[in-house]
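Data block below; observations after.
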Amino acid sequence: MPTRTVAQQREERKTAYNAFIAACPTNKLLDTLSDKWTGLLLASLSDGPRRYGEIAAIVAGISNKMLTQTLRTLERDGLLNRQVTPQVPVRVDYSLTPLGVSLLPILAMLKEWAEANMDEVFAARASFDTVN
């Protein structure tokens with residue numbers, strides 16, 4: 001392995017987590033966080049643990065496949081816990097981790113922004129659609 005100068009090491013650290021680089025892990029994480037279902041699933045757990053069926057009932061329109069896939073991704077990324085209780089039938093509860101809870105204020109701000117600016121967005125869309 002070639003020796004790197006201090007300046008090269010410093011430059012490597014600066015670009016180690018750069019979301020604008022496609023191969024960067026933060027780019028992949030932002031992809032997950034900006035997914036259509038992620039924010040809704042996290043918000044559905046903001047009041048406490050829920051079972052799979054409860055989440056499915058809250059998040060309208062999500063397929064079982066997408067719900068399962070998104071829950072697994074969020075568990076893998078450390079944003080939620082999956083707690084299995086051995087009983088008949090098996091009980092599985094999902095809850096936010098402290099890392100997942102730390103996203104809630106950001107999601108709330110995004111929701112508030114969308115609600116506050118929807119009329120302006122509709123106007124911009126209408127203006128764009130008449131020109132194009």
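Residues in the structure tokens are named by chain (A, B, ... in the order shown) and by number from 1 within that chain; ligands are numbered from 1 in the order shown.
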
From a DSSP pass on the backbone, collect the residues of region 14-87 of chain A flagged as alpha helix (DSSP H) and hand them back as a VMD selection string. chain A and resid 14 to 15 25 to 33 38 to 44 52 to 58 64 to 76

Top pick for closest residue to Arg72 (chain A), considering A:Ile58, A:Leu41, A:Val101, A:Met109 and counting only C-alpha atoms: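 Smallest separation from Arg72 (chain A) among the options: A:Leu41.
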
Residue contacts of Leu71 (chain A) (12 Å, only C-alpha atoms) excluding same-chain residues fewer than 5 positions away, as a ChimeraX atom specification: /A:32,37-42,44-45,50-52,55-56,62,64-66,76-82,92-96

Between CA of Pro98 (chain A) and CA of Gln83 (chain A), what distance in Å does the model show, to one decimal?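 Between these atoms lies a distance of 15.2 Å.
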
In region 24-131 of chain A, DSSP strand (DSSP E) residues written as JSON, numbers by chain: {"A": [50, 51, 80, 81, 82, 83, 84, 85, 91, 92, 93, 94, 95, 96]}

For each of A:Ala19, A:Leu67, A:Ala123, A:Ile106, take the minimum atom-to-atom distance to Lys36 (chain A), counting only C-alpha atoms, then give the residue where this is smallest.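 Comparing A:Ala19, A:Leu67, A:Ala123, A:Ile106 against Lys36 (chain A), the winner is A:Leu67.
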
Do you have the CA of Thr73 (chain A)-CA of Glu54 (chain A) distance handy? 18.6 Å

Which value, in Å to one decimal, gives the distance between CA of Glu115 (chain A) and CA of Asp35 (chain A)? 18.6 Å
